[in-house]
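Structure data follow from target33.txt (compact mmCIF, C-alpha atoms):
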```txt
# COMPACT_ATOMS: atom_id res chain seq x y z
CA MET L 1 35.67 -23.32 23.68
CA LEU L 2 33.95 -25.48 21.15
CA SER L 3 34.68 -29.14 21.02
CA PRO L 4 36.02 -30.44 17.67
CA ASP L 5 32.75 -32.33 17.02
CA VAL L 6 30.61 -29.18 17.35
CA PHE L 7 33.01 -27.16 15.20
CA THR L 8 33.01 -29.88 12.53
CA ALA L 9 29.19 -30.05 12.60
CA LEU L 10 28.94 -26.25 12.23
CA THR L 11 31.37 -26.12 9.31
CA GLU L 12 30.04 -29.07 7.30
CA SER L 13 27.18 -27.25 5.56
CA GLU L 14 28.13 -24.43 3.19
CA PRO L 15 25.96 -21.60 4.63
CA LEU L 16 26.96 -22.39 8.21
CA LYS L 17 30.61 -22.66 7.21
CA THR L 18 30.55 -19.13 5.80
CA ILE L 19 28.78 -17.73 8.89
CA VAL L 20 31.01 -19.51 11.40
CA LEU L 21 34.22 -18.60 9.58
CA SER L 22 33.10 -14.96 9.21
CA ALA L 23 32.28 -14.75 12.93
CA PHE L 24 35.59 -16.42 13.77
CA LEU L 25 37.57 -13.99 11.57
CA PHE L 26 35.68 -11.00 12.97
CA GLY L 27 36.44 -12.14 16.51
CA LEU L 28 40.09 -12.72 15.61
CA PHE L 29 40.50 -9.28 13.99
CA ASP L 30 38.65 -7.61 16.88
CA THR L 31 40.96 -9.31 19.37
CA VAL L 32 44.06 -8.30 17.42
CA LEU L 33 42.83 -4.70 17.13
CA LYS L 34 41.84 -4.66 20.83
CA GLY L 35 38.12 -3.96 20.27
CA LYS L 36 38.57 -1.15 17.76
CA LEU L 37 36.70 -3.01 15.02
CA ASN L 38 33.64 -3.45 17.23
CA ARG L 39 33.73 0.24 18.24
CA LEU L 40 34.04 1.23 14.57
CA ILE L 41 30.95 -0.78 13.68
CA ASP L 42 29.05 0.76 16.63
CA HIS L 43 30.10 4.23 15.47
CA LEU L 44 28.97 3.50 11.87
CA VAL L 45 25.59 2.24 13.08
CA ARG L 46 25.06 5.35 15.24
CA LEU L 47 26.08 7.55 12.29
CA LEU L 48 23.61 5.76 10.02
CA VAL L 49 20.79 6.11 12.57
CA ARG L 50 21.50 9.85 12.84
CA ALA L 51 21.67 10.22 9.04
CA ILE L 52 18.26 8.61 8.32
CA PRO L 53 16.17 11.66 9.46
CA LEU L 54 18.45 13.95 7.45
CA ILE L 55 18.02 11.81 4.34
CA ILE L 56 14.23 11.78 4.80
CA ALA L 57 14.19 15.58 5.23
CA LYS L 58 16.27 16.00 2.07
CA ILE L 59 13.91 13.73 0.09
CA LYS L 60 10.87 15.70 1.34
CA GLN L 61 12.53 18.97 0.37
CA GLU L 62 13.29 17.63 -3.13
CA ILE L 63 9.69 16.45 -3.53
CA ARG L 64 8.32 19.85 -2.46
CA SER L 65 10.62 21.74 -4.82
CA HIS L 66 9.84 19.35 -7.68
CA PHE L 67 6.06 19.54 -7.34
CA SER L 68 5.98 23.27 -6.62
CA ALA L 69 7.22 23.84 -10.18
CA ILE L 70 3.92 22.47 -11.56
CA PRO L 71 1.60 25.39 -12.31
CA ALA L 72 -1.83 25.49 -10.71
CA PRO L 73 -4.71 24.70 -13.07
CA SER L 74 -6.66 27.60 -14.47
CA PRO L 75 -10.30 28.07 -13.42
CA LEU L 76 -11.47 26.87 -16.86
CA THR L 77 -9.35 23.72 -16.62
CA ARG L 78 -10.66 23.11 -13.11
CA LYS L 79 -14.28 23.45 -14.31
CA ILE L 80 -13.72 21.11 -17.27
CA SER L 81 -12.07 18.55 -15.01
CA ALA L 82 -14.91 18.82 -12.50
CA TRP L 83 -17.53 18.35 -15.26
CA GLY L 84 -15.61 15.29 -16.49
CA MET L 85 -15.54 13.79 -13.00
CA VAL L 86 -19.26 14.48 -12.48
CA VAL L 87 -20.17 12.86 -15.82
CA VAL L 88 -18.05 9.78 -15.13
CA GLU L 89 -19.42 9.39 -11.59
CA VAL L 90 -23.04 9.82 -12.73
CA LEU L 91 -22.61 7.29 -15.56
CA PHE L 92 -20.98 4.80 -13.20
CA ALA L 93 -23.76 5.34 -10.65
CA ALA L 94 -26.37 4.70 -13.36
CA LEU L 95 -24.57 1.54 -14.45
CA MET L 96 -24.39 0.23 -10.89
CA THR L 97 -28.09 1.05 -10.35
CA VAL L 98 -29.05 -0.94 -13.45
CA TYR L 99 -26.85 -3.85 -12.36
CA GLY L 100 -28.37 -3.81 -8.86
CA ILE L 101 -31.92 -3.82 -10.19
CA VAL L 102 -31.08 -6.60 -12.67
CA PHE L 103 -29.58 -8.71 -9.87
CA MET L 104 -32.70 -8.23 -7.76
CA ILE L 105 -35.04 -9.06 -10.68
CA LEU L 106 -33.04 -12.17 -11.55
CA THR L 107 -33.11 -13.24 -7.92
CA ALA L 108 -36.90 -12.84 -7.86
CA MET L 109 -37.23 -14.82 -11.11
CA ILE L 110 -35.03 -17.64 -9.82
CA ILE L 111 -36.98 -17.77 -6.55
CA LEU L 112 -40.31 -17.88 -8.42
CA LYS L 113 -39.11 -20.55 -10.84
CA ASP L 114 -37.43 -22.91 -8.39
CA ASP L 115 -38.08 -23.57 -4.78
CA PRO L 116 -36.66 -20.68 -2.73
CA SER L 117 -33.48 -21.18 -0.78
CA MET L 118 -31.70 -18.85 1.58
CA ILE L 119 -28.45 -19.04 -0.42
CA LYS L 120 -30.16 -17.79 -3.60
CA VAL L 121 -31.84 -14.95 -1.74
CA LEU L 122 -28.64 -13.93 0.02
CA ILE L 123 -26.42 -14.10 -3.05
CA GLY L 124 -28.79 -12.34 -5.43
CA GLY L 125 -30.36 -9.92 -2.99
CA LEU L 126 -27.14 -8.93 -1.26
CA MET L 127 -25.37 -8.46 -4.60
CA GLY L 128 -28.23 -6.23 -5.75
CA VAL L 129 -28.18 -4.23 -2.53
CA LEU L 130 -24.40 -3.91 -2.72
CA MET L 131 -24.60 -2.61 -6.29
CA LEU L 132 -27.29 -0.09 -5.28
CA PHE L 133 -25.15 1.04 -2.36
CA ILE L 134 -22.16 1.54 -4.69
CA ALA L 135 -24.43 3.53 -7.03
CA TYR L 136 -25.56 5.74 -4.13
CA TYR L 137 -21.95 6.29 -3.12
CA TYR L 138 -20.95 7.44 -6.62
CA ARG L 139 -24.07 9.61 -6.99
CA ALA L 140 -23.23 11.32 -3.69
CA GLY L 141 -19.63 11.74 -4.88
CA ALA L 142 -20.83 13.40 -8.09
CA HIS L 143 -23.04 15.75 -6.08
CA LYS L 144 -20.15 16.65 -3.76
CA THR L 145 -17.79 17.27 -6.70
CA ALA L 146 -20.40 19.51 -8.37
CA ARG L 147 -21.05 21.40 -5.13
CA ASP L 148 -17.35 21.90 -4.38
CA ASN L 149 -16.69 23.32 -7.86
CA ASN L 150 -19.83 25.51 -8.06
CA LEU L 151 -21.39 23.50 -10.88
CA LEU L 152 -24.87 23.40 -9.35
```
I need this file expressed as structure tokens, please.
Amino acid sequence: MLSPDVFTALTESEPLKTIVLSAFLFGLFDTVLKGKLNRLIDHLVRLLVRAIPLIIAKIKQEIRSHFSAIPAPSPLTRKISAWGMVVVEVLFAALMTVYGIVFMILTAMIILKDDPSMIKVLIGGLMGVLMLFIAYYYRAGAHKTARDNNLL
């Protein structure tokens, strides 16, 4: 058993008092009910663990039935959407290309004006290369979107 000093130390602070008294009452009720309370909690936990896959399956079924009610887009709507995506991707690729070239030109101007340093070259040059890479990625995405939707 606990000595009175340990019990007093455990019940002095408010959070510990609640935890210790709850554990004490649970143990007391479990002893009076001859372990039935502990078995009931074990049974409820097992029931909850078995119910989780059923709940997930029910949610998936509801999602499928909800989204299956949405009609498929018509071929004209699909073409218009594809043209919109291609235009947006091409414009974004052009913007990133211009930004990349501007970064590289500014880096060259800064290097020619001041004494060159590796930090300036890395920051400006790598930012320009990164922007050009992003532009290439979006240009390739526009080409793939156009090819997939027979816009070429």
Of L:Met96, L:Val88, L:Ile56, L:Ile123, the one nearest to Thr145 (chain L) when counting all atoms listed in the file is L:Val88
One residue among L:Val87, L:Leu47, L:Leu21, L:Val129 is nearest to Ile105 (chain L) when using only C-alpha atoms, and that residue is L:Val129
What separates CA of Gly124 (chain L) and CA of Phe92 (chain L) is a distance of 20.4 Å
request  = Name all residues at most 7 Å from Val90 (chain L) (count all atoms listed in the file; drop same-chain ones fewer than 4 positions away) and give them as a PyMOL selection string.
outcome  = chain L and resi 86+94+138-139+142
Of L:Phe29, L:Phe103, L:Phe24, L:Tyr137, the one nearest to Glu89 (chain L) when counting all atoms listed in the file is L:Tyr137
Which residue out of L:Val121, L:Ala140, L:Ile55, L:Val49 has the minimum interatomic distance to Thr107 (chain L) when only C-alpha atoms are used?
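Among the listed residues, the smallest separation from Thr107 (chain L) belongs to L:Val121.
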### Query
Which residue gives the smallest distance to Arg78 (chain L) among L:Ala146, L:Ala51, L:Leu152, L:Leu112, with only C-alpha atoms counted?
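For Arg78 (chain L), the nearest of the candidates is L:Ala146.
A straight line drawn from CA of Gly128 (chain L) to CA of Leu106 (chain L) is 9.6 Å long.
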Go through L:Arg147, L:Ala135, L:Ser81, L:Lys113 and flag the residue nearest Gly100 (chain L), using all atoms listed in the file for the distances.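 Closest residue, counting all atoms listed in the file: L:Ala135.
Going from CA of Pro71 (chain L) to CA of Asn150 (chain L) covers 21.8 Å.
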TODO: Do a neighbour search on Lys79 (chain L) at 7 Å with only C-alpha atoms, toss out local chain neighbours closer than 4 positions, and write the hits as a PyMOL selection string.
DONE: chain L and resi 75+83+149
Could you add the missing atoms to region 56-73 of chain L, up to N, CA, C and O atoms, and return them as a CSV table (one decimal), in the coordinates of the input?
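What ended up in part.csv:
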```csv
chain,number,residue,atom,x,y,z
L,56,ILE,N,15.7,11.6,5.0
L,56,ILE,CA,14.2,11.8,4.8
L,56,ILE,C,13.9,13.2,4.6
L,56,ILE,O,13.1,13.6,3.7
L,57,ALA,N,14.5,14.1,5.4
L,57,ALA,CA,14.2,15.6,5.2
L,57,ALA,C,14.6,16.1,3.9
L,57,ALA,O,13.9,16.9,3.2
L,58,LYS,N,15.8,15.6,3.4
L,58,LYS,CA,16.3,16.0,2.1
L,58,LYS,C,15.3,15.5,1.0
L,58,LYS,O,15.0,16.2,0.0
L,59,ILE,N,14.8,14.3,1.1
L,59,ILE,CA,13.9,13.7,0.1
L,59,ILE,C,12.6,14.5,0.1
L,59,ILE,O,12.1,14.9,-1.0
L,60,LYS,N,12.1,14.9,1.3
L,60,LYS,CA,10.9,15.7,1.3
L,60,LYS,C,11.1,17.1,0.7
L,60,LYS,O,10.2,17.6,0.0
L,61,GLN,N,12.2,17.7,1.0
L,61,GLN,CA,12.5,19.0,0.4
L,61,GLN,C,12.6,18.9,-1.2
L,61,GLN,O,12.1,19.7,-1.9
L,62,GLU,N,13.2,17.8,-1.7
L,62,GLU,CA,13.3,17.6,-3.1
L,62,GLU,C,11.9,17.4,-3.7
L,62,GLU,O,11.6,18.0,-4.8
L,63,ILE,N,11.1,16.7,-3.0
L,63,ILE,CA,9.7,16.4,-3.5
L,63,ILE,C,8.9,17.8,-3.6
L,63,ILE,O,8.2,18.1,-4.5
L,64,ARG,N,9.0,18.6,-2.5
L,64,ARG,CA,8.3,19.8,-2.5
L,64,ARG,C,8.8,20.8,-3.6
L,64,ARG,O,8.0,21.4,-4.3
L,65,SER,N,10.1,20.8,-3.8
L,65,SER,CA,10.6,21.7,-4.8
L,65,SER,C,10.3,21.2,-6.2
L,65,SER,O,10.0,22.0,-7.1
L,66,HIS,N,10.2,19.9,-6.4
L,66,HIS,CA,9.8,19.4,-7.7
L,66,HIS,C,8.4,19.6,-8.0
L,66,HIS,O,8.1,20.1,-9.1
L,67,PHE,N,7.5,19.4,-7.1
L,67,PHE,CA,6.1,19.5,-7.3
L,67,PHE,C,5.6,21.0,-7.2
L,67,PHE,O,4.5,21.3,-7.7
L,68,SER,N,6.4,21.9,-6.6
L,68,SER,CA,6.0,23.3,-6.6
L,68,SER,C,6.2,23.9,-8.0
L,68,SER,O,5.7,25.0,-8.2
L,69,ALA,N,7.0,23.3,-8.8
L,69,ALA,CA,7.2,23.8,-10.2
L,69,ALA,C,6.0,23.6,-11.1
L,69,ALA,O,5.9,24.2,-12.2
L,70,ILE,N,5.1,22.7,-10.7
L,70,ILE,CA,3.9,22.5,-11.6
L,70,ILE,C,2.9,23.6,-11.4
L,70,ILE,O,2.6,24.0,-10.3
L,71,PRO,N,2.5,24.3,-12.5
L,71,PRO,CA,1.6,25.4,-12.3
L,71,PRO,C,0.2,24.9,-11.9
L,71,PRO,O,-0.2,23.8,-12.2
L,72,ALA,N,-0.5,25.8,-11.2
L,72,ALA,CA,-1.8,25.5,-10.7
L,72,ALA,C,-2.8,25.5,-11.9
L,72,ALA,O,-2.6,26.3,-12.8
L,73,PRO,N,-3.8,24.7,-11.9
L,73,PRO,CA,-4.7,24.7,-13.1
L,73,PRO,C,-5.5,26.0,-13.1
L,73,PRO,O,-5.8,26.6,-12.1
```
